[in-house]
$ cat work-v2.cif   # mmCIF, C-alpha atoms and all ligand atoms
data_model
#
loop_
_atom_site.label_atom_id
_atom_site.label_comp_id
_atom_site.auth_asym_id
_atom_site.auth_seq_id
_atom_site.Cartn_x
_atom_site.Cartn_y
_atom_site.Cartn_z
CA MET Y 10 -11.91 46.09 0.74
CA LEU Y 11 -8.24 45.44 -0.08
CA ILE Y 12 -7.16 42.06 -1.42
CA LEU Y 13 -3.56 40.91 -1.80
CA GLY Y 14 -3.34 38.57 -4.81
CA ILE Y 15 -0.54 36.05 -5.45
CA GLU Y 16 0.05 34.31 -8.81
CA SER Y 17 2.68 31.64 -9.59
CA SER Y 18 0.97 29.10 -11.88
CA CYS Y 19 3.46 29.27 -14.77
CA ASP Y 20 6.47 31.50 -15.43
CA GLU Y 21 5.42 34.78 -13.83
CA THR Y 22 5.78 35.42 -10.10
CA ALA Y 23 3.30 38.17 -9.27
CA ALA Y 24 1.70 40.00 -6.37
CA SER Y 25 -0.86 42.81 -6.39
CA ILE Y 26 -3.17 44.84 -4.21
CA VAL Y 27 -6.64 45.55 -5.62
CA ARG Y 28 -9.44 47.58 -4.03
CA ASP Y 29 -13.00 46.23 -4.23
CA GLY Y 30 -12.17 43.97 -7.16
CA ARG Y 31 -11.87 46.90 -9.57
CA GLU Y 32 -9.01 49.25 -8.73
CA ILE Y 33 -5.35 48.26 -8.97
CA ILE Y 34 -3.38 49.85 -6.13
CA SER Y 35 -0.14 48.04 -7.02
CA SER Y 36 0.92 45.22 -9.33
CA VAL Y 37 4.34 43.60 -9.49
CA ILE Y 38 5.30 40.92 -12.01
CA SER Y 39 8.64 39.14 -12.13
CA THR Y 40 8.86 37.23 -15.40
CA GLN Y 41 11.15 34.27 -16.05
CA ILE Y 42 10.79 34.37 -19.83
CA GLU Y 43 14.45 35.13 -20.54
CA GLU Y 44 15.54 32.03 -18.67
CA HIS Y 45 12.99 29.65 -20.26
CA LYS Y 46 13.70 31.08 -23.73
CA LYS Y 47 16.97 29.12 -23.82
CA TYR Y 48 14.99 25.88 -23.70
CA GLY Y 49 12.25 26.91 -26.14
CA GLY Y 50 9.53 26.62 -23.48
CA VAL Y 51 8.85 26.66 -19.75
CA VAL Y 52 10.98 24.19 -17.75
CA PRO Y 53 8.74 23.34 -14.75
CA GLU Y 54 11.48 22.75 -12.20
CA ILE Y 55 13.26 25.98 -13.05
CA ALA Y 56 9.92 27.80 -12.79
CA SER Y 57 9.31 26.43 -9.27
CA ARG Y 58 12.80 27.39 -8.10
CA ARG Y 59 12.51 30.96 -9.43
CA HIS Y 60 9.09 31.40 -7.79
CA CYS Y 61 10.63 30.21 -4.53
CA GLU Y 62 13.41 32.81 -4.82
CA ASN Y 63 11.26 35.72 -5.95
CA ILE Y 64 7.87 35.43 -4.29
CA LEU Y 65 8.72 37.20 -1.05
CA GLY Y 66 10.48 40.11 -2.77
CA VAL Y 67 7.65 40.54 -5.26
CA THR Y 68 5.08 40.58 -2.45
CA ARG Y 69 7.10 43.02 -0.35
CA LYS Y 70 7.30 45.32 -3.38
CA ALA Y 71 3.55 45.10 -4.06
CA LEU Y 72 2.86 46.14 -0.44
CA ALA Y 73 5.55 48.87 -0.51
CA ASP Y 74 4.29 50.29 -3.84
CA ALA Y 75 0.81 50.46 -2.34
CA GLN Y 76 2.25 52.03 0.85
CA LEU Y 77 0.51 49.34 2.87
CA THR Y 78 1.47 46.56 5.25
CA LEU Y 79 0.00 43.10 5.51
CA ALA Y 80 -2.10 44.33 8.43
CA ASP Y 81 -3.98 46.67 6.04
CA VAL Y 82 -5.23 43.98 3.64
CA ASP Y 83 -8.53 42.19 4.22
CA ALA Y 84 -7.65 38.83 2.65
CA VAL Y 85 -4.93 36.95 0.77
CA ALA Y 86 -6.02 35.45 -2.57
CA VAL Y 87 -3.92 32.89 -4.40
CA THR Y 88 -4.02 30.90 -7.64
CA TYR Y 89 -4.37 27.26 -6.61
CA ALA Y 90 -5.33 25.73 -10.00
CA PRO Y 91 -4.73 24.96 -12.83
CA GLY Y 92 -1.06 25.20 -13.79
CA LEU Y 93 2.36 23.66 -13.23
CA ILE Y 94 2.06 21.80 -9.95
CA GLY Y 95 5.45 22.74 -8.50
CA ALA Y 96 4.92 26.37 -9.47
CA LEU Y 97 1.43 26.47 -7.94
CA LEU Y 98 2.65 24.85 -4.72
CA VAL Y 99 5.09 27.70 -4.11
CA GLY Y 100 2.32 30.31 -4.32
CA VAL Y 101 -0.19 28.28 -2.32
CA ASN Y 102 2.21 27.55 0.52
CA PHE Y 103 3.46 31.12 0.59
CA ALA Y 104 -0.08 32.55 0.69
CA LYS Y 105 -1.01 30.07 3.41
CA GLY Y 106 1.92 31.24 5.50
CA LEU Y 107 1.01 34.90 5.00
CA ALA Y 108 -2.64 34.32 5.84
CA THR Y 109 -1.82 32.30 8.94
CA ALA Y 110 0.81 34.72 10.22
CA SER Y 111 -1.45 37.74 9.72
CA GLY Y 112 -4.72 36.10 10.75
CA LYS Y 113 -6.29 37.07 7.39
CA PRO Y 114 -8.66 34.87 5.40
CA LEU Y 115 -7.17 32.79 2.57
CA VAL Y 116 -9.08 32.88 -0.72
CA PRO Y 117 -8.48 30.28 -3.45
CA VAL Y 118 -8.71 31.49 -7.07
CA HIS Y 119 -8.94 29.49 -10.30
CA HIS Y 120 -6.45 30.90 -12.81
CA ILE Y 121 -8.97 31.12 -15.68
CA ALA Y 122 -11.50 32.90 -13.46
CA GLY Y 123 -8.63 35.32 -12.79
CA HIS Y 124 -8.14 35.95 -16.52
CA ILE Y 125 -11.88 36.61 -16.85
CA ALA Y 126 -11.61 39.19 -14.02
CA THR Y 127 -9.13 41.29 -16.04
CA ASN Y 128 -12.17 42.82 -17.70
CA TYR Y 129 -13.53 43.96 -14.30
CA LEU Y 130 -10.28 45.86 -13.82
CA THR Y 131 -10.47 47.43 -17.28
CA HIS Y 132 -14.23 48.06 -17.51
CA THR Y 133 -15.64 49.09 -14.15
CA GLU Y 134 -19.20 48.93 -15.50
CA LEU Y 135 -18.99 45.27 -16.63
CA GLU Y 136 -21.20 42.84 -14.69
CA PRO Y 137 -22.21 39.23 -15.33
CA PRO Y 138 -23.95 37.54 -17.01
CA TYR Y 139 -22.02 37.50 -20.29
CA LEU Y 140 -20.08 35.16 -22.53
CA SER Y 141 -16.27 35.13 -22.36
CA LEU Y 142 -13.70 33.66 -24.69
CA VAL Y 143 -10.54 32.82 -22.73
CA ALA Y 144 -7.56 32.01 -24.94
CA SER Y 145 -4.16 31.49 -23.37
CA GLY Y 146 -1.09 29.30 -23.63
CA GLY Y 147 -2.80 26.44 -21.84
CA HIS Y 148 -6.53 26.98 -22.48
CA SER Y 149 -9.08 27.92 -25.11
CA HIS Y 150 -12.52 28.10 -23.55
CA ILE Y 151 -15.86 29.67 -24.34
CA ILE Y 152 -17.40 30.30 -20.93
CA GLU Y 153 -20.79 31.44 -19.71
CA VAL Y 154 -20.00 33.82 -16.86
CA GLN Y 155 -23.31 33.34 -15.06
CA SER Y 156 -22.27 35.33 -12.00
CA TYR Y 157 -18.97 36.55 -10.55
CA THR Y 158 -18.34 33.06 -9.16
CA LYS Y 159 -20.41 30.70 -11.31
CA PHE Y 160 -19.10 29.54 -14.68
CA LYS Y 161 -20.21 27.09 -17.34
CA VAL Y 162 -17.70 25.95 -19.96
CA ILE Y 163 -19.54 25.49 -23.22
CA GLY Y 164 -16.58 25.18 -25.59
CA ARG Y 165 -13.03 23.93 -25.13
CA THR Y 166 -10.09 22.77 -27.18
CA HIS Y 167 -9.69 19.09 -27.98
CA ASP Y 168 -5.93 19.37 -28.44
CA ASP Y 169 -3.69 22.47 -28.50
CA ALA Y 170 -4.71 25.79 -26.99
CA ALA Y 171 -4.73 28.88 -29.24
CA GLY Y 172 -1.61 30.31 -27.56
CA GLU Y 173 0.14 26.95 -27.87
CA CYS Y 174 -0.68 26.94 -31.59
CA PHE Y 175 0.77 30.46 -31.96
CA ASP Y 176 3.89 29.42 -30.03
CA LYS Y 177 4.46 26.13 -31.89
CA CYS Y 178 4.01 27.73 -35.31
CA ALA Y 179 6.33 30.53 -34.23
CA ARG Y 180 8.96 28.04 -33.10
CA ALA Y 181 8.78 26.24 -36.45
CA MET Y 182 9.36 29.61 -38.13
CA GLY Y 183 12.42 30.25 -35.96
CA PHE Y 184 10.96 32.88 -33.62
CA PRO Y 185 12.03 32.77 -29.95
CA TYR Y 186 9.73 31.58 -27.13
CA PRO Y 187 7.01 32.67 -26.49
CA GLY Y 188 6.33 33.21 -30.17
CA GLY Y 189 2.77 34.55 -30.14
CA VAL Y 190 3.86 38.16 -29.90
CA HIS Y 191 6.48 37.68 -32.68
CA ILE Y 192 3.80 36.35 -35.03
CA ASP Y 193 1.67 39.37 -34.10
CA ASN Y 194 4.53 41.76 -34.91
CA ALA Y 195 5.50 40.03 -38.16
CA ALA Y 196 1.85 39.84 -39.25
CA GLN Y 197 1.67 43.67 -39.30
CA SER Y 198 3.69 43.74 -42.53
CA GLY Y 199 2.40 40.49 -44.05
CA ASP Y 200 -0.29 39.55 -46.56
CA ARG Y 201 -2.78 37.19 -44.90
CA THR Y 202 -4.15 35.96 -48.23
CA LYS Y 203 -0.81 34.45 -49.31
CA PHE Y 204 -1.39 31.11 -47.56
CA LYS Y 205 -4.63 29.17 -47.25
CA LEU Y 206 -4.65 27.37 -43.91
CA PRO Y 207 -7.20 24.85 -42.58
CA HIS Y 208 -10.00 25.75 -40.16
CA PRO Y 209 -10.24 22.44 -38.26
CA THR Y 210 -13.66 21.70 -36.74
CA VAL Y 211 -14.69 19.17 -34.12
CA ALA Y 212 -17.45 16.86 -35.33
CA GLY Y 213 -20.47 16.91 -33.03
CA SER Y 214 -19.12 19.72 -30.81
CA GLU Y 215 -19.97 22.96 -32.55
CA PHE Y 216 -18.46 25.24 -29.87
CA ASP Y 217 -15.24 23.25 -29.39
CA PHE Y 218 -11.84 24.04 -30.88
CA SER Y 219 -9.08 22.02 -32.48
CA PHE Y 220 -5.79 23.72 -33.35
CA SER Y 221 -3.44 20.81 -33.90
CA GLY Y 222 -4.39 20.41 -37.59
CA LEU Y 223 -3.56 24.05 -38.25
CA LYS Y 224 -0.22 23.71 -36.44
CA THR Y 225 0.67 20.52 -38.37
CA SER Y 226 -0.19 22.12 -41.67
CA VAL Y 227 2.12 25.09 -40.94
CA ILE Y 228 4.96 22.78 -39.83
CA ASN Y 229 4.54 20.60 -42.95
CA MET Y 230 4.50 23.64 -45.21
CA LEU Y 231 7.77 24.89 -43.68
CA HIS Y 232 9.42 21.45 -43.98
CA ASN Y 233 8.37 21.05 -47.60
CA ALA Y 234 9.64 24.51 -48.48
CA GLU Y 235 12.95 23.81 -46.75
CA GLN Y 236 13.38 20.52 -48.63
CA LYS Y 237 12.72 22.26 -51.93
CA GLY Y 238 14.97 25.16 -51.00
CA VAL Y 239 12.04 27.60 -51.29
CA GLU Y 240 12.03 30.66 -49.02
CA ILE Y 241 8.76 31.29 -47.16
CA ASP Y 242 7.97 34.89 -46.25
CA ARG Y 243 7.60 34.88 -42.45
CA ASN Y 244 5.51 38.05 -42.48
CA ASP Y 245 2.98 36.59 -44.91
CA LEU Y 246 2.82 33.26 -43.08
CA SER Y 247 2.45 35.06 -39.73
CA ALA Y 248 -0.40 37.15 -41.12
CA SER Y 249 -2.11 34.00 -42.46
CA ILE Y 250 -1.73 32.12 -39.14
CA GLN Y 251 -2.97 35.10 -37.14
CA SER Y 252 -6.01 35.70 -39.32
CA THR Y 253 -6.89 31.97 -39.33
CA ILE Y 254 -6.67 31.67 -35.51
CA SER Y 255 -8.62 34.93 -35.15
CA GLU Y 256 -11.36 33.67 -37.48
CA ILE Y 257 -11.66 30.32 -35.70
CA LEU Y 258 -11.90 31.95 -32.25
CA THR Y 259 -14.32 34.62 -33.47
CA ASP Y 260 -16.61 32.31 -35.47
CA LYS Y 261 -17.10 29.86 -32.59
CA THR Y 262 -17.62 32.62 -30.04
CA MET Y 263 -20.23 34.33 -32.23
CA LEU Y 264 -21.95 31.00 -32.89
CA ALA Y 265 -22.14 30.35 -29.14
CA ALA Y 266 -23.33 33.88 -28.32
CA GLU Y 267 -26.11 33.66 -30.90
CA ALA Y 268 -27.16 30.14 -29.89
CA LEU Y 269 -27.29 31.01 -26.18
CA GLY Y 270 -28.72 34.51 -26.60
CA TYR Y 271 -25.80 36.49 -25.17
CA LYS Y 272 -25.45 40.08 -26.40
CA LYS Y 273 -22.50 40.82 -24.14
CA VAL Y 274 -19.17 39.22 -25.06
CA ALA Y 275 -15.71 39.44 -23.47
CA LEU Y 276 -12.21 38.34 -24.43
CA ALA Y 277 -9.47 37.35 -21.94
CA GLY Y 278 -6.26 35.29 -21.55
CA GLY Y 279 -2.75 35.81 -22.90
CA VAL Y 280 -3.91 35.60 -26.52
CA SER Y 281 -6.26 38.54 -25.91
CA ALA Y 282 -3.13 40.67 -26.46
CA ASN Y 283 -3.13 39.60 -30.11
CA SER Y 284 -4.05 42.49 -32.43
CA GLY Y 285 -5.77 40.20 -34.96
CA VAL Y 286 -7.92 38.47 -32.35
CA ARG Y 287 -8.85 41.80 -30.72
CA ALA Y 288 -9.86 43.33 -34.05
CA ALA Y 289 -11.76 40.30 -35.36
CA LEU Y 290 -13.84 39.78 -32.22
CA SER Y 291 -14.47 43.49 -31.78
CA GLU Y 292 -15.65 43.83 -35.40
CA ALA Y 293 -17.87 40.73 -35.24
CA CYS Y 294 -19.54 42.02 -32.05
CA GLN Y 295 -20.01 45.49 -33.53
CA LYS Y 296 -21.66 43.99 -36.63
CA ARG Y 297 -24.20 42.16 -34.46
CA GLY Y 298 -24.79 45.03 -32.05
CA PHE Y 299 -23.21 43.12 -29.15
CA GLU Y 300 -21.41 44.84 -26.30
CA PHE Y 301 -17.71 43.85 -26.41
CA TYR Y 302 -15.13 43.94 -23.61
CA MET Y 303 -11.41 43.20 -23.71
CA PRO Y 304 -8.67 43.81 -21.14
CA GLU Y 305 -6.10 46.55 -21.54
CA LYS Y 306 -2.94 45.03 -23.01
CA LYS Y 307 -0.90 45.05 -19.80
CA LEU Y 308 -3.48 42.81 -18.11
CA CYS Y 309 -3.70 40.16 -20.86
CA GLY Y 310 -0.77 38.03 -19.69
CA ASP Y 311 -0.44 36.43 -16.28
CA ASN Y 312 -0.55 38.90 -13.38
CA ALA Y 313 -1.74 38.98 -9.79
CA ALA Y 314 -4.17 41.91 -10.10
CA MET Y 315 -6.58 39.54 -11.84
CA ILE Y 316 -6.22 37.08 -8.93
CA ALA Y 317 -6.88 39.81 -6.38
CA SER Y 318 -9.91 40.99 -8.39
CA GLN Y 319 -11.44 37.52 -8.61
CA GLY Y 320 -10.36 36.95 -5.00
CA PHE Y 321 -12.58 39.87 -3.97
CA TYR Y 322 -15.64 38.32 -5.63
CA ASN Y 323 -14.84 34.87 -4.23
CA PHE Y 324 -14.43 36.32 -0.73
CA LYS Y 325 -17.73 38.21 -1.00
CA ALA Y 326 -19.39 34.94 -2.02
CA GLY Y 327 -17.94 33.20 1.04
CA ILE Y 328 -15.34 31.18 -0.87
CA THR Y 329 -12.38 30.81 1.48
CA ALA Y 330 -9.91 28.02 2.17
CA ASP Y 331 -8.52 26.54 5.35
CA GLU Y 332 -4.93 25.54 6.07
CA SER Y 333 -5.31 22.29 4.13
CA LEU Y 334 -5.58 24.13 0.76
CA ASN Y 335 -3.62 22.26 -1.90
CA ALA Y 336 -2.54 23.09 -5.45
CA VAL Y 337 -4.32 21.31 -8.32
CA ALA Y 338 -2.66 20.96 -11.75
CA THR Y 339 -5.88 20.31 -13.70
CA LEU Y 340 -9.28 21.51 -12.56
CA SER Y 341 -12.36 22.40 -14.59
CA MET Y 342 -13.95 25.75 -13.80
CA GLU Y 343 -17.19 23.95 -13.15
CA ASP Y 344 -15.64 22.07 -10.24
CA ILE Y 345 -14.59 25.11 -8.22
O1 LIG J 1 -2.36 33.75 -20.10
P1 LIG J 1 -0.94 33.55 -20.41
O2 LIG J 1 0.03 34.65 -20.05
O3 LIG J 1 -0.41 32.23 -19.75
C1 LIG J 1 -1.23 31.10 -19.65
O4 LIG J 1 -2.08 31.09 -18.71
O5 LIG J 1 -1.09 30.24 -20.53
O6 LIG J 1 -0.84 33.25 -21.97
C2 LIG J 1 0.37 33.08 -22.61
C3 LIG J 1 0.11 32.84 -24.08
C4 LIG J 1 1.35 32.38 -24.83
O7 LIG J 1 1.01 31.29 -25.65
C5 LIG J 1 1.71 33.61 -25.64
O8 LIG J 1 2.41 33.35 -26.83
C6 LIG J 1 0.34 34.17 -25.94
O9 LIG J 1 -0.36 34.03 -24.73
N1 LIG J 1 0.42 35.56 -26.39
C7 LIG J 1 0.14 35.97 -27.65
C8 LIG J 1 0.39 37.35 -27.69
N2 LIG J 1 0.82 37.75 -26.47
C9 LIG J 1 0.84 36.63 -25.68
N3 LIG J 1 -0.30 35.27 -28.70
C10 LIG J 1 -0.53 35.95 -29.83
N4 LIG J 1 -0.28 37.27 -29.98
C11 LIG J 1 0.16 38.01 -28.93
N5 LIG J 1 0.35 39.33 -29.07
ZN ZN J 2 -2.72 32.61 -17.78
#

$ encode --input "work-v2.cif" --output "structure tokens" --more "lines below"
Ligand code: KG4
Ligand code: ZN
Amino acid sequence: MLILGIESSCDETAASIVRDGREIISSVISTQIEEHKKYGGVVPEIASRRHCENILGVTRKALADAQLTLADVDAVAVTYAPGLIGALLVGVNFAKGLATASGKPLVPVHHIAGHIATNYLTHTELEPPYLSLVASGGHSHIIEVQSYTKFKVIGRTHDDAAGECFDKCARAMGFPYPGGVHIDNAAQSGDRTKFKLPHPTVAGSEFDFSFSGLKTSVINMLHNAEQKGVEIDRNDLSASIQSTISEILTDKTMLAAEALGYKKVALAGGVSANSGVRAALSEACQKRGFEFYMPEKKLCGDNAAMIASQGFYNFKAGITADESLNAVATLSMEDI
């Protein structure tokens, strides 16, 4: 079965064709990063306008690369939540038009479920149930993947997401947006023991995250150093931030896996591209004899192959939408 996936929830316009949820036939991503960089973050209205301009061309290319036409696909899957509302609306309306014009079913996909599906594309043997950490620019969740379409969120962030923490610390250090990857690069030649950073916990919620205290402590440290005219080594600070975020994410995920009896653990979301997070979680799983799955690097960030993959499983489970499908800016995975 061939699914055409469409993604437009943030600053990537993407379309992809995936066979049976597991095999990428084509994947096209048009990123707007260069434009948003000027403003230090994503400007929602600009994002919507660029999606509007690019979505047809990106979809045409995904079909052409796959040497297929719309008539060959079995369903059109689209990200309808969560994300920037104007950005989501472009994708939802476009997919609705495609589905209606071609008489194909329309399949709604939750963006985080899409990130989780990146591991189905990378590891063809992976099947639920398992525990997945999803860390991105907007979310940090520990999720029980009970089946391909049933999820239970057992840990979440109370303030900033892990990717947001990377990006805000990076900005304070003078790196361009999005800063996560710059911290990752700088950390390669830094000493992570040079700075002791806090590991904020959330009282009464052992699987939940809080990253704002870590961010504030980095910003304060940089301000204090600037006032005193002291130079802070960006490589060392990057290495310290990266190892602290990696430890926090890994410790909570291991705690949850042990408490709930999961021996199969996965990592997904934009932050899954981070070398420190990949190594820390992989090592912790290996130490406990857990199976560990992470997406190949090119699938970590937003793409439409993950939407087509999850779209396949949704479609098989009978999850389709009618012409009244709307975009939703905030939606828990448990309410899909
Ligand atoms: O999943 P994603 O592409 O978009 C959202 O759904 O949010 O995630 C983007 C986030 C950004 O915060 C970005 O800085 C972060 O993922 N990220 C990284 C790395 N690559 C991307 N963070 C740390 N290290 C990286 N190598
Ligand atoms: Zn994402």

$ closest_atom_pairs --input "work-v2.cif" --of "chain Y" --to "ligand LIG 1 (chain J)" --cutoff "10 Å" --atoms "all atoms listed in the file" --output "Markdown table"
| residue | atom | partner | partner_atom | distance |
| --- | --- | --- | --- | --- |
| Y:Ser18 | CA | J:LIG1 | O4 | 7.7 |
| Y:Cys19 | CA | J:LIG1 | O3 | 7.0 |
| Y:Asp20 | CA | J:LIG1 | O3 | 8.2 |
| Y:Glu21 | CA | J:LIG1 | O2 | 8.2 |
| Y:Gly50 | CA | J:LIG1 | O7 | 10.0 |
| Y:Pro91 | CA | J:LIG1 | O4 | 8.9 |
| Y:Gly92 | CA | J:LIG1 | O4 | 7.7 |
| Y:His120 | CA | J:LIG1 | O4 | 7.3 |
| Y:Ile121 | CA | J:LIG1 | O4 | 7.5 |
| Y:Gly123 | CA | J:LIG1 | O1 | 9.8 |
| Y:His124 | CA | J:LIG1 | O1 | 7.1 |
| Y:Val143 | CA | J:LIG1 | O1 | 8.6 |
| Y:Ala144 | CA | J:LIG1 | O1 | 7.3 |
| Y:Ser145 | CA | J:LIG1 | O6 | 4.0 |
| Y:Gly146 | CA | J:LIG1 | O5 | 3.2 |
| Y:Gly147 | CA | J:LIG1 | O5 | 4.4 |
| Y:His148 | CA | J:LIG1 | O5 | 6.6 |
| Y:Ser149 | CA | J:LIG1 | O5 | 9.5 |
| Y:Ala170 | CA | J:LIG1 | O7 | 8.0 |
| Y:Ala171 | CA | J:LIG1 | O7 | 7.2 |
| Y:Gly172 | CA | J:LIG1 | O7 | 3.4 |
| Y:Glu173 | CA | J:LIG1 | O7 | 5.0 |
| Y:Cys174 | CA | J:LIG1 | O7 | 7.6 |
| Y:Phe175 | CA | J:LIG1 | N3 | 5.9 |
| Y:Asp176 | CA | J:LIG1 | O8 | 5.3 |
| Y:Lys177 | CA | J:LIG1 | O7 | 8.8 |
| Y:Ala179 | CA | J:LIG1 | O8 | 8.8 |
| Y:Tyr186 | CA | J:LIG1 | O8 | 7.5 |
| Y:Pro187 | CA | J:LIG1 | O8 | 4.7 |
| Y:Gly188 | CA | J:LIG1 | O8 | 5.2 |
| Y:Gly189 | CA | J:LIG1 | N3 | 3.5 |
| Y:Val190 | CA | J:LIG1 | N5 | 3.8 |
| Y:His191 | CA | J:LIG1 | N4 | 7.3 |
| Y:Ile192 | CA | J:LIG1 | N4 | 6.6 |
| Y:Asp193 | CA | J:LIG1 | N4 | 5.0 |
| Y:Asn194 | CA | J:LIG1 | N5 | 7.6 |
| Y:Ala196 | CA | J:LIG1 | N4 | 9.9 |
| Y:Gln251 | CA | J:LIG1 | C10 | 7.8 |
| Y:Ile254 | CA | J:LIG1 | C10 | 9.4 |
| Y:Ser255 | CA | J:LIG1 | C10 | 9.7 |
| Y:Ala277 | CA | J:LIG1 | O1 | 8.2 |
| Y:Gly278 | CA | J:LIG1 | O1 | 4.4 |
| Y:Gly279 | CA | J:LIG1 | O6 | 3.3 |
| Y:Val280 | CA | J:LIG1 | C7 | 4.2 |
| Y:Ser281 | CA | J:LIG1 | C8 | 7.0 |
| Y:Ala282 | CA | J:LIG1 | N5 | 4.6 |
| Y:Asn283 | CA | J:LIG1 | N5 | 3.6 |
| Y:Ser284 | CA | J:LIG1 | N5 | 6.4 |
| Y:Gly285 | CA | J:LIG1 | N4 | 8.0 |
| Y:Val286 | CA | J:LIG1 | N4 | 8.1 |
| Y:Arg287 | CA | J:LIG1 | N5 | 9.7 |
| Y:Lys306 | CA | J:LIG1 | N2 | 8.9 |
| Y:Leu308 | CA | J:LIG1 | O2 | 9.1 |
| Y:Cys309 | CA | J:LIG1 | O1 | 6.6 |
| Y:Gly310 | CA | J:LIG1 | O2 | 3.5 |
| Y:Asp311 | CA | J:LIG1 | O2 | 4.2 |
| Y:Asn312 | CA | J:LIG1 | O2 | 7.9 |

$ residues_around --input "work-v2.cif" --residues "Asn102 of chain Y" --least-positions-apart "6" --cutoff "10 Å" --atoms "all atoms listed in the file" --output "PyMOL selection string"
chain Y and resi 87+89+108+332-336

$ closest_residue --input "work-v2.cif" --among "Y:Leu115, Y:Ala313, Y:Val67, Y:Ala24" --to "ligand ZN 2 (chain J)" --atoms "all atoms listed in the file"
Y:Ala313

$ residues_near_point --input "work-v2.cif" --point "(-8.9, 19.8, -31.3)" --cutoff "6 Å" --atoms "all atoms listed in the file" --output "PyMOL selection string"
chain Y and resi 166-168+218-220

$ residues_around --input "work-v2.cif" --residues "Thr133 of chain Y" --least-positions-apart "4" --cutoff "10 Å" --atoms "all atoms listed in the file" --output "list in words"
Gly30, Arg31, Glu32, Asn128 and Tyr129 of chain Y

$ closest_atom_pairs --input "work-v2.cif" --of "segment 87-191 of chain Y" --to "segment 263-270 of chain Y" --cutoff "9 Å" --atoms "all atoms listed in the file" --output "JSON lines"
{"residue": "Y:Tyr139", "atom": "CA", "partner": "Y:Ala266", "partner_atom": "CA", "distance": 8.9}
{"residue": "Y:Leu140", "atom": "CA", "partner": "Y:Ala266", "partner_atom": "CA", "distance": 6.8}
{"residue": "Y:Ile151", "atom": "CA", "partner": "Y:Ala265", "partner_atom": "CA", "distance": 7.9}
{"residue": "Y:Ile163", "atom": "CA", "partner": "Y:Ala265", "partner_atom": "CA", "distance": 8.1}
{"residue": "Y:Gly164", "atom": "CA", "partner": "Y:Ala265", "partner_atom": "CA", "distance": 8.4}

$ closest_residue --input "work-v2.cif" --among "Y:Val101, Y:Phe299, Y:Ala86, Y:Met182" --to "Glu235 of chain Y" --atoms "all atoms listed in the file"
Y:Met182
